[in-house]
>>> print(open('start.txt').read())   # compact mmCIF, C-alpha atoms
# COMPACT_ATOMS: atom_id res chain seq x y z
CA MET K 29 15.56 151.80 -7.42
CA ARG K 30 15.50 153.90 -4.30
CA LYS K 31 11.86 155.05 -4.46
CA LEU K 32 8.62 154.21 -6.25
CA PHE K 33 5.65 156.49 -6.81
CA VAL K 34 2.26 154.78 -7.24
CA ILE K 35 0.27 157.55 -8.90
CA GLY K 36 -3.50 157.73 -9.33
CA ILE K 37 -4.24 159.38 -12.69
CA GLY K 38 -8.02 159.58 -12.71
CA ALA K 39 -10.55 157.85 -14.92
CA GLY K 40 -9.15 158.98 -18.28
CA ASP K 41 -9.51 162.76 -18.54
CA PRO K 42 -6.05 164.41 -18.52
CA ASP K 43 -7.60 167.36 -16.70
CA GLN K 44 -8.43 165.08 -13.75
CA VAL K 45 -4.74 164.51 -13.00
CA THR K 46 -3.98 166.38 -9.78
CA VAL K 47 -1.17 168.87 -9.24
CA GLN K 48 0.27 166.44 -6.68
CA ALA K 49 0.32 163.69 -9.33
CA ILE K 50 2.03 165.97 -11.85
CA LYS K 51 4.72 166.89 -9.32
CA ALA K 52 5.31 163.20 -8.60
CA MET K 53 5.49 162.32 -12.32
CA ARG K 54 8.19 164.95 -12.79
CA ARG K 55 10.36 163.20 -10.18
CA VAL K 56 10.25 159.82 -11.94
CA ASP K 57 13.17 158.41 -13.94
CA VAL K 58 11.50 155.17 -15.06
CA PHE K 59 7.77 154.57 -15.57
CA PHE K 60 6.53 150.98 -15.46
CA VAL K 61 3.43 150.48 -17.62
CA ILE K 62 1.51 147.22 -17.34
CA GLY K 63 -0.11 146.46 -20.70
CA LYS K 64 -3.37 144.57 -21.19
CA GLY K 65 -2.81 143.26 -24.70
CA ALA K 66 -3.40 144.69 -28.16
CA GLU K 67 -7.15 145.15 -27.67
CA LYS K 68 -6.53 147.52 -24.75
CA GLN K 69 -3.64 149.41 -26.33
CA GLU K 70 -5.72 152.56 -26.04
CA LEU K 71 -5.24 152.44 -22.26
CA VAL K 72 -1.47 152.43 -22.72
CA ASP K 73 -1.80 155.26 -25.25
CA VAL K 74 -3.68 157.40 -22.72
CA ARG K 75 -0.83 156.95 -20.25
CA ALA K 76 1.65 157.91 -22.97
CA THR K 77 -0.35 161.08 -23.64
CA LEU K 78 -0.27 161.98 -19.95
CA LEU K 79 3.48 161.50 -19.79
CA ALA K 80 4.00 163.59 -22.92
CA GLU K 81 1.96 166.41 -21.39
CA TYR K 82 3.14 166.35 -17.80
CA ALA K 83 6.48 164.51 -17.49
CA ASP K 84 8.82 167.08 -19.01
CA GLN K 85 12.01 165.60 -17.53
CA PRO K 86 14.16 162.89 -19.18
CA HIS K 87 12.59 159.50 -18.41
CA ARG K 88 12.24 155.96 -19.69
CA VAL K 89 9.10 153.86 -20.11
CA VAL K 90 9.25 150.12 -19.45
CA GLU K 91 6.21 148.22 -20.74
CA ILE K 92 5.29 145.04 -18.86
CA ALA K 93 2.94 142.38 -20.24
CA ASP K 94 0.20 141.56 -17.75
CA PRO K 95 0.14 137.78 -17.09
CA PRO K 96 -3.09 136.01 -18.11
CA ARG K 97 -5.69 135.28 -15.45
CA ASP K 98 -8.29 132.52 -15.40
CA ARG K 99 -11.61 134.39 -15.40
CA THR K 100 -13.76 131.26 -15.79
CA VAL K 101 -13.74 130.45 -12.07
CA PRO K 102 -16.96 131.83 -10.56
CA GLY K 103 -17.39 133.03 -7.00
CA THR K 104 -16.61 135.91 -4.68
CA GLY K 105 -13.69 136.97 -2.56
CA ALA K 106 -14.83 134.51 0.10
CA ASP K 107 -14.61 131.45 -2.19
CA ALA K 108 -11.44 129.37 -1.95
CA ALA K 109 -11.24 128.62 -5.69
CA TYR K 110 -11.64 132.27 -6.67
CA GLN K 111 -9.18 133.36 -3.98
CA GLY K 112 -6.67 130.85 -5.32
CA VAL K 113 -6.95 132.14 -8.88
CA VAL K 114 -6.50 135.77 -7.80
CA THR K 115 -3.63 134.92 -5.44
CA ASP K 116 -1.81 133.07 -8.21
CA TRP K 117 -2.33 135.98 -10.59
CA HIS K 118 -1.02 138.45 -7.99
CA GLU K 119 2.03 136.28 -7.38
CA ARG K 120 2.90 136.16 -11.09
CA ARG K 121 2.38 139.92 -11.38
CA ALA K 122 4.73 140.47 -8.43
CA GLU K 123 7.39 138.30 -10.07
CA ILE K 124 7.22 140.37 -13.26
CA LEU K 125 7.38 143.65 -11.35
CA GLU K 126 10.33 142.43 -9.29
CA ARG K 127 12.28 141.61 -12.45
CA ALA K 128 11.41 145.01 -13.92
CA PHE K 129 12.51 146.82 -10.76
CA ALA K 130 15.83 144.95 -10.58
CA GLY K 131 18.71 147.05 -11.79
CA THR K 132 16.61 150.21 -12.08
CA GLU K 133 18.36 153.24 -10.65
CA GLY K 134 16.76 156.39 -9.35
CA VAL K 135 13.01 156.84 -8.97
CA GLY K 136 10.31 154.60 -10.45
CA GLY K 137 6.66 155.31 -11.12
CA ILE K 138 3.49 153.34 -11.86
CA LEU K 139 0.43 155.15 -13.23
CA VAL K 140 -2.81 153.71 -11.85
CA TRP K 141 -6.29 154.27 -13.27
CA GLY K 142 -8.49 156.05 -10.76
CA ASP K 143 -7.11 155.70 -7.25
CA PRO K 144 -4.70 152.95 -6.08
CA ALA K 145 -6.90 152.30 -3.03
CA LEU K 146 -10.07 151.26 -4.88
CA TYR K 147 -10.28 147.94 -6.76
CA ASP K 148 -6.69 148.03 -7.93
CA SER K 149 -4.02 145.46 -7.09
CA THR K 150 -0.88 147.58 -7.59
CA LEU K 151 -0.24 148.21 -3.89
CA ARG K 152 -0.63 144.51 -3.12
CA MET K 153 1.90 143.73 -5.84
CA VAL K 154 4.39 146.26 -4.48
CA GLU K 155 4.05 144.79 -0.97
CA ARG K 156 4.59 141.29 -2.36
CA VAL K 157 7.78 142.43 -4.05
CA LEU K 158 9.09 143.90 -0.81
CA GLU K 159 8.09 140.80 1.18
CA ARG K 160 10.31 138.66 -1.04
CA GLY K 161 13.28 140.46 0.49
CA ARG K 162 15.29 140.84 -2.71
CA SER K 163 14.25 144.46 -3.27
CA ASN K 164 14.53 147.38 -0.90
CA PHE K 165 12.91 150.68 -1.77
CA ASP K 166 10.54 153.24 -0.29
CA TYR K 167 7.23 153.96 -2.00
CA GLU K 168 4.67 156.74 -1.90
CA VAL K 169 1.02 156.69 -2.96
CA ILE K 170 -0.55 159.64 -4.77
CA PRO K 171 -4.38 159.58 -4.71
CA GLY K 172 -6.42 160.02 -7.87
CA ILE K 173 -9.97 160.78 -8.97
CA THR K 174 -11.96 157.56 -9.31
CA SER K 175 -14.65 156.46 -11.74
CA VAL K 176 -17.00 156.76 -8.75
CA GLN K 177 -16.50 160.51 -8.67
CA SER K 178 -16.58 160.73 -12.45
CA LEU K 179 -19.92 158.87 -12.54
CA ALA K 180 -21.43 161.27 -10.00
CA ALA K 181 -20.15 164.30 -11.90
CA ALA K 182 -21.36 163.01 -15.27
CA HIS K 183 -24.88 162.46 -13.90
CA ARG K 184 -24.80 165.59 -11.71
CA MET K 185 -25.88 163.59 -8.69
CA VAL K 186 -25.07 163.00 -5.03
CA LEU K 187 -23.99 159.42 -4.40
CA HIS K 188 -26.16 158.95 -1.33
CA GLU K 189 -29.41 160.15 0.15
CA ILE K 190 -29.38 162.27 3.32
CA GLY K 191 -27.79 160.35 6.17
CA GLU K 192 -27.62 157.11 4.19
CA PRO K 193 -24.59 154.92 3.37
CA VAL K 194 -22.98 154.14 0.04
CA HIS K 195 -22.07 150.52 -0.61
CA ILE K 196 -19.30 149.82 -3.16
CA THR K 197 -19.24 146.28 -4.49
CA THR K 198 -18.62 144.12 -7.56
CA GLY K 199 -20.78 142.46 -10.18
CA ARG K 200 -20.22 139.07 -8.55
CA ARG K 201 -21.45 140.32 -5.19
CA ILE K 202 -24.44 142.32 -6.43
CA ARG K 203 -25.90 139.14 -7.92
CA GLU K 204 -25.81 137.54 -4.49
CA ASP K 205 -26.48 140.48 -2.18
CA GLY K 206 -28.89 142.63 -4.17
CA VAL K 207 -29.59 146.24 -3.17
CA ALA K 208 -30.67 146.99 0.37
CA ALA K 209 -33.35 149.59 1.11
CA GLY K 210 -31.93 152.89 2.27
CA GLN K 211 -28.57 152.17 0.66
CA SER K 212 -27.07 153.40 -2.60
CA THR K 213 -25.00 150.67 -4.25
CA LEU K 214 -22.09 151.37 -6.59
CA VAL K 215 -21.07 148.42 -8.75
CA MET K 216 -17.62 148.05 -10.31
CA LEU K 217 -15.90 145.22 -12.20
CA ASP K 218 -19.11 143.89 -13.69
CA GLY K 219 -18.52 142.20 -17.02
CA ASP K 220 -21.86 140.36 -17.00
CA CYS K 221 -24.44 143.17 -16.68
CA SER K 222 -25.38 141.80 -13.26
CA PHE K 223 -27.99 144.53 -12.81
CA THR K 224 -30.28 142.41 -15.00
CA GLN K 225 -30.23 139.74 -12.27
CA VAL K 226 -31.09 142.03 -9.35
CA PRO K 227 -34.76 141.52 -8.46
CA GLY K 228 -37.21 144.36 -7.99
CA ASP K 229 -39.30 146.77 -10.05
CA ASP K 230 -38.39 149.74 -7.86
CA LEU K 231 -34.74 150.20 -8.85
CA TYR K 232 -33.18 153.20 -10.56
CA ILE K 233 -29.80 153.06 -12.32
CA TRP K 234 -27.13 155.60 -13.21
CA TRP K 235 -24.67 153.94 -15.63
CA GLY K 236 -21.53 155.22 -17.32
CA ALA K 237 -18.78 153.86 -19.57
CA TYR K 238 -15.38 155.32 -20.55
CA LEU K 239 -15.93 158.01 -17.95
CA GLY K 240 -13.63 160.97 -18.33
CA MET K 241 -12.67 159.95 -21.86
CA PRO K 242 -13.74 161.59 -25.15
CA ASP K 243 -16.22 158.78 -25.90
CA GLU K 244 -17.90 158.82 -22.48
CA VAL K 245 -21.42 157.34 -22.49
CA ILE K 246 -24.03 157.65 -19.73
CA VAL K 247 -27.56 156.29 -19.30
CA GLU K 248 -30.00 156.68 -16.41
CA GLY K 249 -33.56 155.68 -15.66
CA PRO K 250 -35.78 153.08 -14.01
CA LEU K 251 -33.74 149.87 -14.18
CA ARG K 252 -36.40 147.65 -15.73
CA VAL K 253 -37.04 150.29 -18.42
CA VAL K 254 -33.44 150.97 -19.48
CA GLU K 255 -31.58 147.74 -18.60
CA GLN K 256 -31.79 146.16 -22.08
CA ARG K 257 -30.83 149.47 -23.66
CA ILE K 258 -27.68 149.46 -21.50
CA VAL K 259 -26.97 145.80 -22.31
CA ARG K 260 -27.18 146.47 -26.06
CA ARG K 261 -25.18 149.70 -25.88
CA ARG K 262 -22.50 148.08 -23.75
CA ALA K 263 -22.15 145.14 -26.16
CA ALA K 264 -21.89 147.46 -29.16
CA LEU K 265 -19.27 149.64 -27.48
CA ARG K 266 -17.19 146.65 -26.45
CA GLU K 267 -17.39 145.22 -29.94
CA SER K 268 -16.27 148.46 -31.56
CA LYS K 269 -13.41 149.25 -29.16
CA GLY K 270 -12.38 145.77 -28.02
CA TRP K 271 -12.66 146.71 -24.34
CA ILE K 272 -14.94 148.56 -21.94
CA MET K 273 -14.73 150.05 -18.47
CA ASP K 274 -18.05 150.91 -16.87
CA ILE K 275 -19.62 151.53 -13.47
CA TYR K 276 -23.13 152.13 -12.20
CA LEU K 277 -25.14 153.10 -9.14
CA LEU K 278 -28.37 151.40 -8.10
CA ARG K 279 -30.93 152.83 -5.68
CA ARG K 280 -34.48 151.86 -4.84
CA THR K 281 -36.93 154.50 -6.03
CA ALA K 282 -38.57 154.73 -2.62
CA ASP K 283 -35.24 156.03 -1.34
CA ARG K 284 -35.33 158.84 -3.91
CA GLU K 285 -38.65 160.29 -2.73
>>> encode(input="start.txt", output="structure tokens")
Amino acid sequence: MRKLFVIGIGAGDPDQVTVQAIKAMRRVDVFFVIGKGAEKQELVDVRATLLAEYADQPHRVVEIADPPRDRTVPGTGADAAYQGVVTDWHERRAEILERAFAGTEGVGGILVWGDPALYDSTLRMVERVLERGRSNFDYEVIPGITSVQSLAAAHRMVLHEIGEPVHITTGRRIREDGVAAGQSTLVMLDGDCSFTQVPGDDLYIWWGAYLGMPDEVIVEGPLRVVEQRIVRRRAALRESKGWIMDIYLLRRTADRE
């Protein structure tokens, strides 16, 4: 393989794929698709739909099984145990990618949900493969629309108040750090509805699941009023589909006045 394109494909809506991404897809000979198991087959199917619509050149698709990861270890990115689990997972992912790349001729491509720069490990995996020294290829990153932008569009909102920052974090961290005054906080990768553990009666939430997809769901309102509604809706959606991707923004109501 002489070159690899790491292509951001948006949050799920085929119309969010950029012209730059389409041009890159049409240069790819082999697409590497990392699967997440039978329960998330729909995610692979969305990628297949994108390729059928935009990749009109002859190409192959190589499906790669994502190695299992221990998700029982609590903590944050600063905790040694958690870091160890993630590092091990990344190493095993890099090994699988290296084997898939070996012997591939021409141009490769990996389709990444959202943007490769935001809470995605693909670029780290590619760097690990190159650091091993057994592969030698150039790679190019194509940016994509993220669930952050899709959330803002779905709720018709601005992500921050005038002159204020936006903090992007995870469910693990929001439980520890909370929401600072004068700061809008976007939370990703939260499988535990951590918003229910954030103290305060002055919080407002904008929540969305399956953003950019046909079954997109959004809820907004004072957190303490709508939090259990979101918890129940999220559980029902996950039960019916077998998987869920969601994101939300929290802001103190005083900052909205």
>>> atom_distance(input="start.txt", atom1="atom CA of K:Tyr82", atom2="atom CA of K:Leu239")
20.8 Å
>>> residues_near_point(input="start.txt", point="(13.9, 141.1, -2.9)", cutoff="12 Å", atoms="only C-alpha atoms", output="list in words")
Met29, Ala122, Glu123, Leu125, Glu126, Arg127, Ala128, Phe129, Ala130, Gly131, Val154, Glu155, Arg156, Val157, Leu158, Glu159, Arg160, Gly161, Arg162, Ser163, Asn164 and Phe165 of chain K
>>> residues_near_point(input="start.txt", point="(-34.4, 151.7, -16.0)", cutoff="12 Å", atoms="all atoms listed in the file", output="number ranges by chain")
K: 223-224, 228-235, 247-259, 276-281
>>> atom_distance(input="start.txt", atom1="atom CA of K:Ile138", atom2="atom CA of K:Val34")
5.0 Å
>>> residues_around(input="start.txt", residues="stretch 47-55 of chain K", least_positions_apart="2", cutoff="8 Å", atoms="all atoms listed in the file", output="list in words")
Phe33, Ile35, Gly36, Ile37, Val45, Asp57, Leu79, Tyr82, Ala83, Asp84, Gln85, Val135, Gly137, Ile170, Pro171 and Gly172 of chain K
>>> atom_distance(input="start.txt", atom1="atom CA of K:Val114", atom2="atom CA of K:Arg75")
25.2 Å
>>> axis_aligned_box(input="start.txt", around="stretch 248-251 of chain K", padding_each_side="8 Å", output="lines of an AutoDock Vina configuration file")
center_x = -32.9
center_y = 153.3
center_z = -15.2
size_x = 21.8
size_y = 22.8
size_z = 18.4
>>> closest_residue(input="start.txt", among="K:Leu151, K:Val169, K:Ala181, K:Val74", to="K:Gly236", atoms="all atoms listed in the file")
K:Ala181
>>> closest_residue(input="start.txt", among="K:Arg262, K:Asp243, K:Arg30, K:Ile275", to="K:Ile196", atoms="only C-alpha atoms")
K:Ile275
>>> closest_residue(input="start.txt", among="K:Val89, K:Ala109, K:His195, K:Gly240", to="K:Gly210", atoms="all atoms listed in the file")
K:His195
